[in-house]
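Peer 1: Sharing my_file_39.txt (compact mmCIF, C-alpha atoms) below.
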```
# COMPACT_ATOMS: atom_id res chain seq x y z
CA MET I 247 -31.67 -17.49 -13.57
CA ASP I 248 -30.10 -17.98 -17.01
CA ALA I 249 -31.69 -21.41 -17.47
CA LEU I 250 -35.03 -19.92 -16.50
CA VAL I 251 -34.63 -17.07 -18.95
CA ASN I 252 -33.54 -19.41 -21.73
CA LYS I 253 -36.70 -21.46 -21.25
CA ARG I 254 -38.76 -18.31 -21.69
CA ILE I 255 -36.74 -17.36 -24.75
CA ALA I 256 -37.38 -20.76 -26.32
CA LYS I 257 -41.10 -20.17 -25.82
CA VAL I 258 -40.90 -16.69 -27.32
CA ILE I 259 -39.15 -18.06 -30.38
CA LYS I 260 -41.99 -20.57 -30.76
CA GLY I 261 -44.38 -17.60 -30.85
CA ASP I 262 -45.50 -17.36 -27.24
CA GLN I 263 -45.65 -13.62 -26.63
CA ASN I 264 -46.73 -14.06 -23.00
CA ALA I 265 -43.40 -15.68 -22.20
CA PHE I 266 -41.80 -12.41 -23.21
CA ALA I 267 -43.90 -10.53 -20.66
CA GLU I 268 -42.18 -12.60 -17.98
CA ILE I 269 -38.80 -11.54 -19.33
CA VAL I 270 -39.86 -7.89 -19.28
CA GLU I 271 -41.10 -8.39 -15.74
CA LEU I 272 -37.70 -9.72 -14.68
CA TYR I 273 -35.53 -6.99 -16.19
CA GLN I 274 -37.79 -3.94 -16.30
CA HIS I 275 -36.43 -2.13 -13.27
CA GLN I 276 -32.76 -2.51 -14.04
CA LEU I 277 -33.22 -1.63 -17.67
CA TYR I 278 -35.34 1.38 -16.85
CA GLN I 279 -32.79 2.51 -14.30
CA ILE I 280 -29.93 2.36 -16.80
CA CYS I 281 -31.95 4.42 -19.27
CA TYR I 282 -33.03 6.89 -16.64
CA ARG I 283 -29.50 7.48 -15.38
CA MET I 284 -28.19 7.79 -18.93
CA LEU I 285 -30.90 10.16 -20.12
CA GLY I 286 -31.93 11.96 -16.93
CA ASN I 287 -35.56 12.06 -17.96
CA LYS I 288 -38.42 9.75 -17.00
CA HIS I 289 -40.38 9.93 -20.24
CA GLU I 290 -37.35 9.32 -22.40
CA ALA I 291 -36.18 6.53 -20.11
CA GLU I 292 -39.52 4.80 -20.44
CA ASP I 293 -39.57 5.24 -24.18
CA ILE I 294 -36.04 3.95 -24.70
CA ALA I 295 -36.41 1.05 -22.24
CA GLN I 296 -39.57 -0.06 -24.06
CA GLU I 297 -37.82 0.32 -27.39
CA ALA I 298 -34.95 -1.84 -26.10
CA PHE I 299 -37.34 -4.61 -25.06
CA MET I 300 -39.11 -4.33 -28.39
CA ARG I 301 -35.83 -4.77 -30.27
CA ALA I 302 -34.84 -7.65 -28.05
CA TYR I 303 -38.17 -9.29 -28.86
CA VAL I 304 -37.86 -8.80 -32.60
CA ASN I 305 -34.26 -10.03 -32.64
CA ILE I 306 -34.57 -12.72 -30.01
CA HIS I 307 -33.57 -15.48 -32.47
CA THR I 308 -30.15 -13.82 -32.82
CA PHE I 309 -29.43 -14.05 -29.10
CA ASP I 310 -26.80 -16.66 -28.30
CA GLN I 311 -28.22 -18.58 -25.35
CA LYS I 312 -24.77 -19.53 -24.13
CA ARG I 313 -24.33 -15.90 -23.13
CA LYS I 314 -25.95 -13.85 -20.45
CA PHE I 315 -29.27 -12.39 -21.53
CA SER I 316 -28.96 -9.26 -19.38
CA THR I 317 -25.65 -8.38 -21.06
CA TRP I 318 -27.28 -8.57 -24.47
CA LEU I 319 -30.31 -6.59 -23.34
CA TYR I 320 -28.27 -3.87 -21.63
CA ARG I 321 -26.17 -3.54 -24.74
CA ILE I 322 -29.24 -2.84 -26.84
CA ALA I 323 -30.40 -0.27 -24.29
CA THR I 324 -27.08 1.55 -23.84
CA ASN I 325 -26.69 1.83 -27.61
CA LEU I 326 -30.16 3.33 -27.90
CA CYS I 327 -29.41 5.75 -25.05
CA ILE I 328 -26.15 6.89 -26.61
CA ASP I 329 -27.89 7.41 -29.97
CA ARG I 330 -30.58 9.44 -28.23
CA ILE I 331 -28.06 11.60 -26.38
CA ARG I 332 -26.15 12.30 -29.58
CA LYS I 333 -29.29 13.16 -31.51
CA LYS I 334 -30.42 15.45 -28.74
CA LYS I 335 -27.34 17.64 -28.73
CA PRO I 336 -27.95 19.75 -31.85
CA ASP I 337 -31.61 20.16 -30.84
CA TYR I 338 -30.58 21.72 -27.63
CA TYR I 339 -28.88 24.64 -29.28
CA LEU I 340 -31.80 25.32 -31.60
CA ASP I 341 -34.52 24.54 -29.17
CA ALA I 342 -35.17 27.50 -26.93
CA GLU I 343 -38.13 25.80 -25.36
CA VAL I 344 -37.20 24.15 -22.10
CA ARG I 345 -40.27 22.98 -20.29
CA GLY I 346 -40.12 22.71 -16.53
CA ALA I 347 -42.63 19.88 -16.33
CA GLU I 348 -40.11 17.15 -15.77
CA GLY I 349 -37.84 18.92 -13.32
CA LEU I 350 -34.72 17.16 -14.51
CA ASP I 351 -35.24 17.87 -18.18
CA MET I 352 -33.37 21.08 -18.25
CA TYR I 353 -30.32 19.65 -16.56
CA SER I 354 -29.99 16.92 -19.12
CA LYS I 355 -30.07 19.56 -21.82
CA ILE I 356 -27.16 21.49 -20.42
CA ALA I 357 -23.96 21.09 -22.38
CA ASN I 358 -21.25 19.27 -20.51
CA ASP I 359 -18.99 22.20 -19.90
CA ASP I 360 -21.68 24.53 -18.68
CA GLN I 361 -22.09 24.62 -14.97
CA LEU I 362 -25.01 26.05 -13.06
CA PRO I 363 -24.22 28.91 -10.69
CA GLU I 364 -22.85 27.82 -7.33
CA GLU I 365 -25.93 28.99 -5.41
CA GLU I 366 -28.25 26.88 -7.52
CA LEU I 367 -26.01 23.86 -7.07
CA MET I 368 -26.04 24.30 -3.33
CA GLN I 369 -29.81 24.39 -3.24
CA MET I 370 -30.20 21.14 -5.14
CA GLU I 371 -31.33 18.04 -3.34
CA VAL I 372 -28.69 15.32 -3.24
CA GLN I 373 -30.62 13.04 -5.60
CA GLU I 374 -31.15 15.85 -8.05
CA ARG I 375 -27.50 16.77 -7.86
CA VAL I 376 -26.33 13.21 -8.50
CA GLN I 377 -28.42 13.03 -11.65
CA TYR I 378 -27.27 16.48 -12.75
CA GLU I 379 -23.61 15.56 -12.38
CA ILE I 380 -24.06 12.24 -14.19
CA SER I 381 -25.85 14.06 -17.02
CA ARG I 382 -22.91 16.42 -17.42
CA LEU I 383 -20.51 13.58 -18.13
CA PRO I 384 -19.64 12.98 -21.78
CA ASP I 385 -21.77 10.02 -22.97
CA LYS I 386 -18.68 7.83 -23.39
CA TYR I 387 -17.88 8.04 -19.70
CA ARG I 388 -21.47 8.24 -18.58
CA ALA I 389 -22.34 4.73 -19.75
CA ALA I 390 -19.29 3.22 -18.03
CA ILE I 391 -19.93 5.08 -14.77
CA VAL I 392 -23.63 4.18 -14.69
CA LEU I 393 -22.94 0.49 -15.32
CA LYS I 394 -20.13 0.39 -12.79
CA TYR I 395 -21.51 2.46 -9.93
CA ILE I 396 -25.28 2.42 -10.32
CA GLU I 397 -25.74 -1.09 -11.68
CA GLU I 398 -22.59 -2.31 -9.90
CA LEU I 399 -21.67 -4.65 -12.72
CA PRO I 400 -18.26 -6.34 -12.97
CA LEU I 401 -15.79 -4.72 -15.37
CA ALA I 402 -15.78 -7.79 -17.63
CA GLU I 403 -19.53 -7.50 -18.09
CA ILE I 404 -19.36 -3.77 -18.77
CA SER I 405 -16.77 -4.50 -21.41
CA GLU I 406 -19.20 -6.91 -23.12
CA ILE I 407 -22.14 -4.53 -22.86
CA LEU I 408 -20.23 -1.61 -24.34
CA ASP I 409 -18.39 -3.87 -26.78
CA LEU I 410 -15.06 -2.39 -25.71
CA PRO I 411 -11.82 -4.00 -24.54
CA LEU I 412 -11.44 -4.21 -20.77
CA GLY I 413 -8.60 -1.67 -20.83
CA THR I 414 -10.78 0.90 -22.58
CA VAL I 415 -13.59 0.36 -20.08
CA LYS I 416 -11.14 0.94 -17.24
CA THR I 417 -9.85 4.11 -18.87
CA ARG I 418 -13.39 5.42 -19.28
CA ILE I 419 -14.23 4.69 -15.68
CA HIS I 420 -11.03 6.37 -14.52
CA ARG I 421 -11.68 9.43 -16.67
CA GLY I 422 -15.33 9.52 -15.70
CA ARG I 423 -14.36 9.33 -12.04
CA GLU I 424 -11.83 12.10 -12.50
CA ALA I 425 -14.32 14.29 -14.39
CA LEU I 426 -16.87 13.82 -11.62
CA ARG I 427 -14.27 14.61 -8.99
CA LYS I 428 -13.59 17.92 -10.70
CA GLN I 429 -17.29 18.64 -11.12
CA LEU I 430 -17.80 18.02 -7.43
CA SER I 431 -14.89 20.10 -6.24
CA ASN I 432 -17.27 22.58 -4.64
CA LEU I 433 -19.11 19.96 -2.59
CA MET M 275 8.25 18.99 -3.37
CA LYS M 276 9.33 15.76 -4.98
CA ALA M 277 7.10 14.54 -7.81
CA CYS M 278 5.12 11.44 -6.93
CA PRO M 279 5.98 8.24 -8.76
CA GLU M 280 3.77 8.02 -11.82
CA ASN M 281 2.59 4.54 -10.96
CA ILE M 282 0.87 5.80 -7.80
CA VAL M 283 -2.06 7.14 -9.82
CA HIS M 284 -2.30 3.79 -11.61
CA PHE M 285 -2.27 1.98 -8.30
CA MET M 286 -4.93 4.31 -7.00
CA ASN M 287 -7.14 3.57 -9.98
CA ASP M 288 -6.52 -0.16 -9.68
CA TYR M 289 -7.34 0.02 -6.01
CA LEU M 290 -10.58 1.91 -6.63
CA ASP M 291 -11.47 -0.64 -9.34
CA GLY M 292 -10.97 -3.35 -6.74
CA ASP M 293 -8.35 -4.88 -8.98
CA ILE M 294 -4.90 -4.49 -7.39
CA SER M 295 -2.15 -6.89 -6.33
CA SER M 296 -1.17 -6.95 -2.67
CA THR M 297 2.34 -5.63 -3.42
CA ASP M 298 0.98 -2.66 -5.35
CA GLU M 299 -1.54 -2.03 -2.62
CA ALA M 300 1.21 -1.97 -0.01
CA THR M 301 3.23 0.46 -2.15
CA LEU M 302 0.19 2.70 -2.55
CA LYS M 303 -0.64 2.69 1.15
CA GLU M 304 2.94 3.41 2.08
CA HIS M 305 2.99 6.36 -0.31
CA LEU M 306 -0.34 7.74 0.91
CA LYS M 307 1.01 7.85 4.46
CA SER M 308 3.72 10.26 3.43
CA CYS M 309 2.06 12.30 0.65
CA SER M 310 -0.77 14.63 1.51
CA ASP M 311 -1.47 15.55 -2.14
CA CYS M 312 -2.09 11.95 -3.10
CA GLN M 313 -4.05 11.42 0.07
CA LYS M 314 -6.29 14.35 -0.83
CA LEU M 315 -6.80 13.01 -4.35
CA TYR M 316 -7.61 9.58 -2.99
CA HIS M 317 -10.18 10.96 -0.55
CA GLU M 318 -11.80 13.09 -3.21
CA LEU M 319 -12.10 10.13 -5.56
CA SER M 320 -13.57 7.94 -2.81
CA LYS M 321 -16.03 10.69 -1.99
CA THR M 322 -16.97 10.99 -5.66
CA ILE M 323 -17.74 7.27 -5.83
CA ALA M 324 -19.79 7.41 -2.64
CA PHE M 325 -21.66 10.37 -4.06
CA VAL M 326 -22.62 8.55 -7.27
CA GLN M 327 -23.54 5.47 -5.30
CA SER M 328 -25.87 7.51 -3.13
CA ALA M 329 -28.19 7.65 -6.15
CA SER M 330 -31.34 5.90 -5.05
CA HIS M 331 -32.52 2.88 -6.96
CA ILE M 332 -35.44 3.68 -9.13
CA HIS M 333 -38.22 1.52 -10.45
CA ALA M 334 -39.99 1.38 -13.75
CA PRO M 335 -43.55 2.75 -13.70
CA SER M 336 -46.18 0.24 -12.57
CA ASP M 337 -47.70 -0.12 -16.04
CA PHE M 338 -44.34 -0.63 -17.71
CA VAL M 339 -44.77 -4.32 -18.62
CA GLN M 340 -48.22 -3.72 -20.02
CA LYS M 341 -47.12 -0.74 -22.10
CA THR M 342 -44.06 -2.59 -23.38
CA MET M 343 -46.14 -5.58 -24.42
CA ALA M 344 -48.57 -3.28 -26.21
CA ARG M 345 -45.67 -1.94 -28.28
CA LEU M 346 -44.53 -5.31 -29.56
CA PRO M 347 -45.23 -6.00 -33.22
CA LYS M 348 -48.42 -7.95 -33.77
CA GLU M 349 -47.23 -10.46 -36.44
CA LYS M 350 -45.87 -12.89 -33.91
CA LYS M 351 -49.18 -12.97 -32.09
CA GLN M 352 -50.89 -13.95 -35.32
CA ALA M 353 -48.27 -16.58 -36.01
CA ASN M 354 -49.07 -17.95 -32.60
CA ILE M 355 -52.76 -18.18 -33.34
CA GLN M 356 -52.11 -19.95 -36.63
CA ARG M 357 -50.07 -22.58 -34.86
```
Before we go any further, please render this structure as C-alpha cells.
Peer 2:
Amino acid sequence: MDALVNKRIAKVIKGDQNAFAEIVELYQHQLYQICYRMLGNKHEAEDIAQEAFMRAYVNIHTFDQKRKFSTWLYRIATNLCIDRIRKKKPDYYLDAEVRGAEGLDMYSKIANDDQLPEEELMQMEVQERVQYEISRLPDKYRAAIVLKYIEELPLAEISEILDLPLGTVKTRIHRGREALRKQLSNL
Amino acid sequence: MKACPENIVHFMNDYLDGDISSTDEATLKEHLKSCSDCQKLYHELSKTIAFVQSASHIHAPSDFVQKTMARLPKEKKQANIQR
C-alpha cells in the first residue's frame, strides 16, 4: 500500500493532478469518517475533509515518504477539526439560531457539561446517541477516542497523528473512556 | 471496606488498552474476583467501549472525490500543461 501511494505521490509532485485523485479515492472514507465523528455534522465533515486533502496536495513535497501517508493525512485532518471545534465554541453562545436541518447539528453545539433531559436521551436511536456522547467529550479526548475506537488505530500511530507522547495519548484515552462511562451511567 | 490497591486501576487501563503483562493481568483478574466495586467499574468501561464501537462505519458522499479535486488550486494543472 505504501509503495503504491508513494508512486502516486511522485507523480503528483511532477504535476500529475490525476494521480492525486487516486489518493483521494483511497483515503476518502476513513478521512471523512474521522471528520464526521470529530465534528458531528455531515456538511462540516465534508468541508474539513476536502480542506485536509487540499492541504495535503499543496504541501505534498513536504511529506517524508519514509513515513506512513495516512498518518500524515490524518494529522492534517485532526488539526483542522480541532481548530474548527475551538472556533465554533464562542459562536454557540452568541448564535441563537440552531437549525434542525442536519439533525445532529444541535447536539454538536451543546456545551460539554450540558446534558439533555433523560427522556430525550432515552428516545434517541443508538447511532444518534453514540455521536451525541462523542460530541460531548472535550476535543482533547475526542480525537484520541475517535482514532482508537472508531478508526481502531494502534496507540503508536495515534501518538504520531496527534503529535503527542505515547503516555499522553494513553492518558487521554483513559480519561476519555472514563468521561464516556460517566456520561453513559444512565444507559 | 478495604481500599483497593491503586495499581488496579492502572492494570485495568492497561488491560483495556490491550497492553498488559501477564503477571499484571493475573493480579488484576485475581482482584476482580474478590472486589465487586472494581468488577462493576470494569464492566462499565467495557460496556462504554462496546457502545462507542457500535458506531456504524460511514462513507464519504459519492461525489466526494470529484468535489475535492475541484477544490484543488489550479496552478499545478497549468504547470502540468506547460511540461
Peer 1: Which polymer residues have any atom within 12 Å of an atom of Thr308 of chain I, counting all atoms listed in the file, with same-chain residues fewer than 5 positions away left out, as a PyMOL selection string?
Peer 2: chain I and resi 255-256+259+301-303+313+315+318-319
Peer 1: Starting from chain I, keep only residues with some atom at most 6 Å from an atom of chain M, counting all atoms listed in the file, and report them as a compact mmCIF listing (two decimals) with C-alpha atoms, in the frame of the given file.
Peer 2:
```txt
# COMPACT_ATOMS: atom_id res chain seq x y z
CA GLY I 261 -44.38 -17.60 -30.85
CA HIS I 275 -36.43 -2.13 -13.27
CA TYR I 278 -35.34 1.38 -16.85
CA GLN I 279 -32.79 2.51 -14.30
CA GLN I 296 -39.57 -0.06 -24.06
CA MET I 300 -39.11 -4.33 -28.39
CA GLN I 373 -30.62 13.04 -5.60
CA TYR I 395 -21.51 2.46 -9.93
CA ARG I 427 -14.27 14.61 -8.99
```
Peer 1: With only C-alpha atoms as the basis for distance, which of I:Cys327, I:Cys281, I:Val258, I:Ala295 is at the shortest distance from His307 of chain I?
Peer 2: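 Between I:Cys327, I:Cys281, I:Val258, I:Ala295, the residue approaching His307 of chain I most closely is I:Val258.
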Peer 1: Can you work out the spacing between atom CA of Arg321 of chain I and atom CA of Leu408 of chain I in Å, to one decimal?
Peer 2: 6.3 Å
Peer 1: State, in Å with one decimal place, the distance from atom CA of Cys278 of chain M to atom CA of His317 of chain M.
Peer 2: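 If I compute the distance from atom CA of Cys278 of chain M to atom CA of His317 of chain M, I get 16.6 Å.
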Peer 1: Between M:Glu280, M:Tyr316, M:Ser336, M:Phe285, single out the one closest to Leu302 of chain M, counting only C-alpha atoms.
Peer 2: M:Phe285
Peer 1: Any idea what the distance is between atom CA of Ala323 of chain I and atom CA of Ala390 of chain I?
Peer 2: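 Separating atom CA of Ala323 of chain I from atom CA of Ala390 of chain I is a distance of 13.2 Å.
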Peer 1: Taking all atoms listed in the file into account, name the residue in M:Lys307, M:Asp298, M:Cys312, M:Tyr289 that is nearest to Ala277 of chain M.
Peer 2: M:Cys312
